[in-house]
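Novice: Pasting structure.tsv here (TSV, N, CA and C atoms):
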```tsv
chain	number	residue	atom	x	y	z
A	1431	MET	N	74.71	102.88	104.33
A	1431	MET	CA	76.07	103.21	104.00
A	1431	MET	C	77.05	102.51	104.93
A	1432	ASP	N	76.56	101.97	106.03
A	1432	ASP	CA	77.45	101.33	106.99
A	1432	ASP	C	78.18	100.14	106.40
A	1433	ASP	N	77.62	99.51	105.38
A	1433	ASP	CA	78.26	98.33	104.81
A	1433	ASP	C	79.15	98.67	103.61
A	1434	ILE	N	79.42	99.94	103.36
A	1434	ILE	CA	80.28	100.38	102.26
A	1434	ILE	C	81.56	100.97	102.86
A	1435	ILE	N	82.69	100.54	102.32
A	1435	ILE	CA	83.99	101.04	102.76
A	1435	ILE	C	84.67	101.71	101.57
A	1436	ILE	N	85.13	102.94	101.76
A	1436	ILE	CA	85.88	103.65	100.72
A	1436	ILE	C	87.34	103.63	101.14
A	1437	ARG	N	88.20	103.14	100.23
A	1437	ARG	CA	89.63	103.11	100.56
A	1437	ARG	C	90.47	103.29	99.31
A	1438	TRP	N	91.71	103.68	99.53
A	1438	TRP	CA	92.66	103.86	98.44
A	1438	TRP	C	93.03	102.49	97.88
A	1439	VAL	N	93.21	102.39	96.57
A	1439	VAL	CA	93.57	101.13	95.93
A	1439	VAL	C	94.79	101.36	95.03
A	1440	GLY	N	95.43	100.28	94.66
A	1440	GLY	CA	96.60	100.39	93.78
A	1440	GLY	C	97.79	100.96	94.52
A	1441	GLU	N	98.58	101.74	93.80
A	1441	GLU	CA	99.76	102.35	94.39
A	1441	GLU	C	99.37	103.35	95.47
A	1442	THR	N	100.28	103.62	96.37
A	1442	THR	CA	100.04	104.61	97.42
A	1442	THR	C	99.74	105.95	96.77
A	1443	PRO	N	98.67	106.63	97.17
A	1443	PRO	CA	98.34	107.91	96.55
A	1443	PRO	C	99.42	108.96	96.82
A	1444	THR	N	99.71	109.76	95.81
A	1444	THR	CA	100.68	110.84	95.91
A	1444	THR	C	100.00	112.14	95.50
A	1445	ASP	N	100.74	113.23	95.48
A	1445	ASP	CA	100.18	114.49	94.98
A	1445	ASP	C	99.92	114.42	93.48
A	1446	ALA	N	100.57	113.50	92.79
A	1446	ALA	CA	100.44	113.41	91.33
A	1446	ALA	C	99.39	112.42	90.85
A	1447	TRP	N	99.05	111.39	91.67
A	1447	TRP	CA	98.11	110.37	91.21
A	1447	TRP	C	97.56	109.58	92.39
A	1448	GLY	N	96.30	109.19	92.27
A	1448	GLY	CA	95.70	108.32	93.26
A	1448	GLY	C	94.37	107.76	92.77
A	1449	GLN	N	94.00	106.63	93.34
A	1449	GLN	CA	92.73	105.99	92.97
A	1449	GLN	C	92.10	105.40	94.23
A	1450	LEU	N	90.80	105.58	94.34
A	1450	LEU	CA	90.10	104.96	95.45
A	1450	LEU	C	88.86	104.25	94.94
A	1451	ALA	N	88.34	103.37	95.78
A	1451	ALA	CA	87.16	102.60	95.39
A	1451	ALA	C	86.28	102.40	96.61
A	1452	ALA	N	85.00	102.19	96.33
A	1452	ALA	CA	84.01	101.90	97.37
A	1452	ALA	C	83.65	100.42	97.25
A	1453	PHE	N	83.74	99.72	98.37
A	1453	PHE	CA	83.52	98.28	98.40
A	1453	PHE	C	82.35	97.93	99.32
A	1454	THR	N	81.61	96.90	98.93
A	1454	THR	CA	80.61	96.33	99.83
A	1454	THR	C	81.31	95.33	100.75
A	1455	LYS	N	80.60	94.81	101.73
A	1455	LYS	CA	81.19	93.84	102.67
A	1455	LYS	C	81.71	92.59	101.96
A	1456	ASP	N	81.04	92.22	100.85
A	1456	ASP	CA	81.49	91.02	100.13
A	1456	ASP	C	82.63	91.29	99.16
A	1457	GLY	N	83.14	92.54	99.13
A	1457	GLY	CA	84.29	92.88	98.29
A	1457	GLY	C	83.94	93.41	96.92
A	1458	SER	N	82.67	93.53	96.59
A	1458	SER	CA	82.28	94.07	95.29
A	1458	SER	C	82.58	95.56	95.23
A	1459	ILE	N	83.12	96.01	94.10
A	1459	ILE	CA	83.38	97.43	93.90
A	1459	ILE	C	82.10	98.08	93.39
A	1460	VAL	N	81.62	99.09	94.11
A	1460	VAL	CA	80.39	99.78	93.72
A	1460	VAL	C	80.64	101.25	93.39
A	1461	GLY	N	81.89	101.68	93.48
A	1461	GLY	CA	82.24	103.05	93.13
A	1461	GLY	C	83.74	103.18	92.97
A	1462	GLN	N	84.15	104.17	92.18
A	1462	GLN	CA	85.57	104.35	91.93
A	1462	GLN	C	85.84	105.80	91.55
A	1463	ALA	N	87.03	106.30	91.86
A	1463	ALA	CA	87.43	107.66	91.50
A	1463	ALA	C	88.94	107.70	91.35
A	1464	THR	N	89.41	108.56	90.45
A	1464	THR	CA	90.83	108.72	90.19
A	1464	THR	C	91.15	110.20	90.10
A	1465	TYR	N	92.35	110.56	90.51
A	1465	TYR	CA	92.84	111.92	90.28
A	1465	TYR	C	94.26	111.83	89.75
A	1466	LYS	N	94.68	112.86	89.02
A	1466	LYS	CA	96.07	112.94	88.55
A	1466	LYS	C	96.42	114.40	88.29
A	1467	ARG	N	97.71	114.66	88.32
A	1467	ARG	CA	98.17	116.00	88.00
A	1467	ARG	C	97.91	116.22	86.52
A	1468	TRP	N	97.31	117.38	86.19
A	1468	TRP	CA	96.99	117.68	84.79
A	1468	TRP	C	98.27	118.06	84.07
A	1469	GLU	N	98.60	117.30	83.01
A	1469	GLU	CA	99.88	117.48	82.32
A	1469	GLU	C	100.02	118.86	81.65
A	1470	HIS	N	98.93	119.48	81.25
A	1470	HIS	CA	99.00	120.78	80.56
A	1470	HIS	C	99.21	121.95	81.50
A	1471	LYS	N	98.85	121.76	82.74
A	1471	LYS	CA	98.98	122.81	83.74
A	1471	LYS	C	99.11	122.11	85.09
A	1472	PRO	N	100.34	121.76	85.48
A	1472	PRO	CA	100.57	120.89	86.64
A	1472	PRO	C	100.03	121.38	87.98
A	1473	GLU	N	99.71	122.67	88.10
A	1473	GLU	CA	99.14	123.13	89.37
A	1473	GLU	C	97.69	122.67	89.54
A	1474	PHE	N	97.08	122.18	88.46
A	1474	PHE	CA	95.71	121.65	88.52
A	1474	PHE	C	95.74	120.14	88.78
A	1475	THR	N	94.76	119.68	89.54
A	1475	THR	CA	94.55	118.24	89.72
A	1475	THR	C	93.30	117.87	88.93
A	1476	TYR	N	93.45	116.88	88.04
A	1476	TYR	CA	92.35	116.45	87.18
A	1476	TYR	C	91.61	115.30	87.86
A	1477	LEU	N	90.32	115.48	88.08
A	1477	LEU	CA	89.48	114.45	88.70
A	1477	LEU	C	88.81	113.65	87.58
A	1478	SER	N	88.94	112.33	87.62
A	1478	SER	CA	88.37	111.53	86.54
A	1478	SER	C	87.97	110.16	87.06
A	1479	GLY	N	87.38	109.38	86.18
A	1479	GLY	CA	87.07	108.01	86.50
A	1479	GLY	C	86.06	107.83	87.62
A	1480	PHE	N	85.21	108.83	87.86
A	1480	PHE	CA	84.20	108.70	88.90
A	1480	PHE	C	83.05	107.86	88.37
A	1481	PHE	N	82.72	106.82	89.10
A	1481	PHE	CA	81.50	106.09	88.78
A	1481	PHE	C	80.96	105.49	90.06
A	1482	VAL	N	79.66	105.38	90.10
A	1482	VAL	CA	78.97	104.71	91.21
A	1482	VAL	C	77.88	103.85	90.58
A	1483	ASP	N	77.81	102.60	90.98
A	1483	ASP	CA	76.75	101.71	90.48
A	1483	ASP	C	75.39	102.36	90.72
A	1484	ASN	N	74.49	102.18	89.77
A	1484	ASN	CA	73.15	102.77	89.86
A	1484	ASN	C	72.46	102.48	91.19
A	1485	GLU	N	72.60	101.27	91.67
A	1485	GLU	CA	71.94	100.85	92.90
A	1485	GLU	C	72.41	101.66	94.12
A	1486	TYR	N	73.61	102.24	94.05
A	1486	TYR	CA	74.20	102.94	95.20
A	1486	TYR	C	74.27	104.46	95.01
A	1487	ARG	N	73.71	104.99	93.95
A	1487	ARG	CA	73.83	106.42	93.65
A	1487	ARG	C	73.21	107.33	94.71
A	1488	LYS	N	72.19	106.88	95.39
A	1488	LYS	CA	71.52	107.73	96.39
A	1488	LYS	C	72.15	107.61	97.78
A	1489	HIS	N	73.27	106.93	97.87
A	1489	HIS	CA	73.94	106.74	99.16
A	1489	HIS	C	75.01	107.79	99.44
A	1490	GLY	N	75.26	108.71	98.49
A	1490	GLY	CA	76.27	109.74	98.70
A	1490	GLY	C	77.70	109.29	98.48
A	1491	LEU	N	77.90	108.16	97.81
A	1491	LEU	CA	79.25	107.64	97.61
A	1491	LEU	C	80.13	108.58	96.79
A	1492	ALA	N	79.59	109.15	95.72
A	1492	ALA	CA	80.40	110.05	94.88
A	1492	ALA	C	80.87	111.25	95.69
A	1493	THR	N	79.98	111.81	96.49
A	1493	THR	CA	80.35	112.95	97.34
A	1493	THR	C	81.40	112.53	98.36
A	1494	ASP	N	81.21	111.38	98.98
A	1494	ASP	CA	82.18	110.90	99.96
A	1494	ASP	C	83.55	110.66	99.33
A	1495	MET	N	83.58	110.11	98.11
A	1495	MET	CA	84.85	109.88	97.43
A	1495	MET	C	85.51	111.22	97.08
A	1496	MET	N	84.73	112.17	96.60
A	1496	MET	CA	85.26	113.49	96.27
A	1496	MET	C	85.87	114.13	97.50
A	1497	HIS	N	85.17	114.07	98.64
A	1497	HIS	CA	85.68	114.66	99.87
A	1497	HIS	C	86.94	113.95	100.36
A	1498	LYS	N	87.03	112.65	100.14
A	1498	LYS	CA	88.24	111.91	100.54
A	1498	LYS	C	89.44	112.39	99.74
A	1499	ILE	N	89.25	112.68	98.47
A	1499	ILE	CA	90.34	113.22	97.65
A	1499	ILE	C	90.72	114.61	98.16
A	1500	PHE	N	89.73	115.46	98.43
A	1500	PHE	CA	90.00	116.80	98.95
A	1500	PHE	C	90.74	116.73	100.29
A	1501	GLU	N	90.37	115.79	101.15
A	1501	GLU	CA	91.05	115.62	102.43
A	1501	GLU	C	92.50	115.21	102.23
A	1502	ARG	N	92.74	114.35	101.26
A	1502	ARG	CA	94.10	113.85	100.98
A	1502	ARG	C	94.99	114.94	100.40
A	1503	LEU	N	94.45	115.69	99.42
A	1503	LEU	CA	95.27	116.67	98.69
A	1503	LEU	C	95.13	118.10	99.20
A	1504	GLY	N	94.05	118.39	99.87
A	1504	GLY	CA	93.81	119.73	100.38
A	1504	GLY	C	92.81	120.48	99.52
A	1505	ARG	N	92.18	121.46	100.12
A	1505	ARG	CA	91.17	122.27	99.43
A	1505	ARG	C	91.75	123.57	98.89
A	1506	ASN	N	93.04	123.77	99.05
A	1506	ASN	CA	93.65	125.01	98.61
A	1506	ASN	C	94.29	124.90	97.22
A	1507	ARG	N	94.00	123.85	96.51
A	1507	ARG	CA	94.52	123.69	95.15
A	1507	ARG	C	93.35	123.69	94.17
A	1508	PRO	N	93.59	124.04	92.91
A	1508	PRO	CA	92.51	123.99	91.91
A	1508	PRO	C	92.34	122.58	91.35
A	1509	TYR	N	91.08	122.21	91.12
A	1509	TYR	CA	90.74	120.91	90.56
A	1509	TYR	C	90.01	121.10	89.23
A	1510	MET	N	90.29	120.22	88.29
A	1510	MET	CA	89.72	120.28	86.95
A	1510	MET	C	88.84	119.04	86.73
A	1511	VAL	N	87.69	119.24	86.09
A	1511	VAL	CA	86.80	118.13	85.76
A	1511	VAL	C	86.31	118.28	84.32
A	1512	THR	N	86.00	117.16	83.70
A	1512	THR	CA	85.32	117.13	82.42
A	1512	THR	C	83.91	116.63	82.69
A	1513	LEU	N	82.93	117.37	82.25
A	1513	LEU	CA	81.54	116.99	82.50
A	1513	LEU	C	80.97	116.35	81.24
A	1514	SER	N	80.36	115.17	81.41
A	1514	SER	CA	79.88	114.43	80.24
A	1514	SER	C	78.36	114.34	80.15
A	1515	GLY	N	77.65	114.98	81.03
A	1515	GLY	CA	76.19	114.92	80.96
A	1515	GLY	C	75.57	115.72	82.08
A	1516	ASN	N	74.25	115.75	82.10
A	1516	ASN	CA	73.52	116.52	83.11
A	1516	ASN	C	73.79	116.03	84.53
A	1517	LEU	N	73.89	114.72	84.71
A	1517	LEU	CA	74.15	114.17	86.03
A	1517	LEU	C	75.51	114.66	86.54
A	1518	ASP	N	76.53	114.59	85.70
A	1518	ASP	CA	77.85	115.10	86.06
A	1518	ASP	C	77.77	116.57	86.43
A	1519	ARG	N	77.11	117.35	85.61
A	1519	ARG	CA	77.02	118.79	85.82
A	1519	ARG	C	76.32	119.11	87.15
A	1520	HIS	N	75.18	118.48	87.40
A	1520	HIS	CA	74.44	118.74	88.65
A	1520	HIS	C	75.28	118.34	89.86
A	1521	PHE	N	75.94	117.21	89.78
A	1521	PHE	CA	76.76	116.74	90.89
A	1521	PHE	C	77.90	117.73	91.15
A	1522	MET	N	78.65	118.11	90.12
A	1522	MET	CA	79.79	118.99	90.32
A	1522	MET	C	79.35	120.40	90.72
A	1523	GLU	N	78.22	120.87	90.22
A	1523	GLU	CA	77.72	122.17	90.65
A	1523	GLU	C	77.38	122.15	92.14
A	1524	ALA	N	76.85	121.03	92.62
A	1524	ALA	CA	76.55	120.90	94.05
A	1524	ALA	C	77.84	120.90	94.88
A	1525	ILE	N	78.85	120.19	94.41
A	1525	ILE	CA	80.15	120.16	95.11
A	1525	ILE	C	80.75	121.57	95.11
A	1526	ALA	N	80.71	122.26	93.97
A	1526	ALA	CA	81.29	123.60	93.84
A	1526	ALA	C	80.58	124.61	94.75
A	1527	ALA	N	79.31	124.37	95.04
A	1527	ALA	CA	78.53	125.31	95.86
A	1527	ALA	C	78.73	125.10	97.37
A	1528	GLU	N	79.41	124.05	97.76
A	1528	GLU	CA	79.63	123.81	99.19
A	1528	GLU	C	80.48	124.93	99.79
A	1529	ASN	N	80.24	125.23	101.06
A	1529	ASN	CA	80.96	126.33	101.72
A	1529	ASN	C	82.47	126.17	101.69
A	1530	ASP	N	82.97	124.96	101.86
A	1530	ASP	CA	84.41	124.74	101.92
A	1530	ASP	C	84.98	124.13	100.64
A	1531	ALA	N	84.27	124.30	99.53
A	1531	ALA	CA	84.70	123.71	98.26
A	1531	ALA	C	86.01	124.34	97.79
A	1532	PRO	N	86.90	123.52	97.23
A	1532	PRO	CA	88.09	124.09	96.60
A	1532	PRO	C	87.69	124.75	95.28
A	1533	LYS	N	88.62	125.42	94.65
A	1533	LYS	CA	88.35	126.00	93.34
A	1533	LYS	C	88.19	124.86	92.33
A	1534	LEU	N	87.04	124.83	91.65
A	1534	LEU	CA	86.75	123.81	90.65
A	1534	LEU	C	86.61	124.46	89.29
A	1535	PHE	N	87.16	123.78	88.27
A	1535	PHE	CA	87.12	124.28	86.91
A	1535	PHE	C	86.60	123.18	85.99
A	1536	GLU	N	85.82	123.59	85.01
A	1536	GLU	CA	85.32	122.66	84.00
A	1536	GLU	C	86.22	122.75	82.77
A	1537	MET	N	86.75	121.60	82.32
A	1537	MET	CA	87.53	121.58	81.10
A	1537	MET	C	86.57	121.56	79.91
A	1538	LEU	N	86.82	122.44	78.96
A	1538	LEU	CA	85.99	122.52	77.77
A	1538	LEU	C	86.61	121.69	76.65
A	1539	GLU	N	85.88	121.50	75.56
A	1539	GLU	CA	86.34	120.64	74.47
A	1539	GLU	C	87.67	121.07	73.88
A	1540	ASP	N	87.94	122.37	73.84
A	1540	ASP	CA	89.20	122.86	73.26
A	1540	ASP	C	90.35	122.89	74.28
A	1541	ARG	N	90.15	122.24	75.41
A	1541	ARG	CA	91.11	122.14	76.52
A	1541	ARG	C	91.28	123.45	77.28
A	1542	SER	N	90.47	124.44	76.97
A	1542	SER	CA	90.43	125.63	77.83
A	1542	SER	C	89.56	125.26	79.02
A	1543	TYR	N	89.41	126.15	79.98
A	1543	TYR	CA	88.61	125.83	81.15
A	1543	TYR	C	87.94	127.07	81.68
A	1544	LYS	N	86.88	126.83	82.45
A	1544	LYS	CA	86.16	127.94	83.08
A	1544	LYS	C	85.85	127.56	84.51
A	1545	PRO	N	85.83	128.58	85.40
A	1545	PRO	CA	85.55	128.30	86.81
A	1545	PRO	C	84.12	127.85	87.04
A	1546	MET	N	83.95	126.96	88.01
A	1546	MET	CA	82.63	126.50	88.41
A	1546	MET	C	82.17	127.18	89.70
A	1547	ASN	N	83.11	127.80	90.41
A	1547	ASN	CA	82.78	128.51	91.65
A	1547	ASN	C	83.70	129.70	91.84
```
How does this structure look as structure tokens?

Specialist:
Amino acid sequence: MDDIIIRWVGETPTDAWGQLAAFTKDGSIVGQATYKRWEHKPEFTYLSGFFVDNEYRKHGLATDMMHKIFERLGRNRPYMVTLSGNLDRHFMEAIAAENDAPKLFEMLEDRSYKPMN
């Protein structure tokens, strides 16, 4: 993991929107994450656009990116996620189970939501 750098990209991150990426030493992007204020309920922050290249999945990049967002925005706000498969579900359930996890909610197909922790 020493050769991977996670940093904010694009516009300066705000409470309403931000994007970060994980880079190798040669500048290749191997991970990415985005957050934005959820338009239907602005007190929620919607986490989206998380991906990590298969080769780097066991390096903890997704967890590190998630924690970087929590550090930037704080753990005292609710976060919303859409889960698209078993890998997403297992990952988010692990994040939700952490001792200092913020309140996490899963968005359902009808745009309702349920707590994950």

Novice: Here is a test: counting only N, CA and C atoms, which residue of A:Arg1519, A:Met1496, A:Leu1513, A:Ile1434 is nearest to A:Glu1536?

Specialist: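 Smallest separation from A:Glu1536 among the options: A:Leu1513.
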
Novice: For A:Pro1532, please output as a list in words all residues within 6.5 Å (counting only N, CA and C atoms; exclusion window: fewer than 6 positions along the same chain).

Specialist: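 The residues satisfying every condition are Arg1505, Asn1506, Arg1507, Pro1508 and Tyr1509 of chain A.
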
Novice: Using DSSP on the backbone, list every residue of stretch 1450-1539 of chain A that comes out as alpha helix (DSSP H), and give them as a VMD selection string.

Specialist: chain A and resid 1491 to 1503 1516 to 1526

Novice: Can you work out the spacing between atom CA of A:Gly1461 and atom CA of A:Ala1524 in Å, to one decimal?

Specialist: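 Here the two named atoms are 18.8 Å from each other.
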
Novice: Would you list, as a ChimeraX atom specification, the residues of stretch 1450-1513 of chain A that end up in strand (DSSP E) under DSSP run on this structure's backbone?

Specialist: /A:1450-1454,1459-1467,1475-1482,1509-1511

Novice: My list of candidates is A:Leu1538, A:Ile1436, A:Val1460, A:Ala1531. Which is closest to A:Arg1487 when distances are computed with all atoms listed in the file?

Specialist: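 The closest residue to A:Arg1487 is A:Val1460.
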
Novice: Set the distance at 10 Å and use only C-alpha atoms: which residues neighbour A:Gly1479 once local chain neighbours fewer than 6 positions away are removed? I'd like the list as number ranges by chain.

Specialist: A: 1449-1450, 1461-1465

Novice: Do you have the atom C of A:Lys1466-atom C of A:Trp1447 distance handy?

Specialist: 6.4 Å

Novice: For atom C of A:Tyr1476 and atom CA of A:Ser1542, quote the distance in Å rounded to one decimal.

Specialist: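 Calculated distance between atom C of A:Tyr1476 and atom CA of A:Ser1542 is 14.4 Å.
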
Novice: Taking (91.6, 110.8, 99.8) in the file's coordinates as the center, which residues reach within 9 Å of it, counting only C-alpha atoms, put as a VMD selection string?

Specialist: chain A and resid 1437 to 1438 1443 1448 to 1450 1495 to 1503

Novice: Using only the atoms of stretch 1495-1510 of chain A listed in the file, plus 4 Å on each side, state the axis-aligned box centre and edge lengths in Å rounded to one decimal, as AutoDock Vina command-line options.

Specialist:
```
--center_x 89.4 --center_y 117.4 --center_z 94.6 --size_x 19.7 --size_y 23.1 --size_z 23.7
```

Novice: Pick out the closest residue to A:Lys1544 from this set: A:Ile1435, A:Leu1491, A:Met1510, A:Ala1446. Count only C-alpha atoms.

Specialist: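 Of all the options, A:Met1510 lies closest to A:Lys1544.
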
Novice: From the options A:Lys1455, A:Thr1512, A:Met1546, A:Thr1444, which residue's atoms come nearest to A:Leu1477, counting all atoms listed in the file?

Specialist: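 Comparing A:Lys1455, A:Thr1512, A:Met1546, A:Thr1444 against A:Leu1477, the winner is A:Thr1512.
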
Novice: Write out as a ChimeraX atom specification the residues lying within 8 Å of A:Pro1545, counting all atoms listed in the file and excluding same-chain residues fewer than 4 positions away.

Specialist: /A:1533-1537
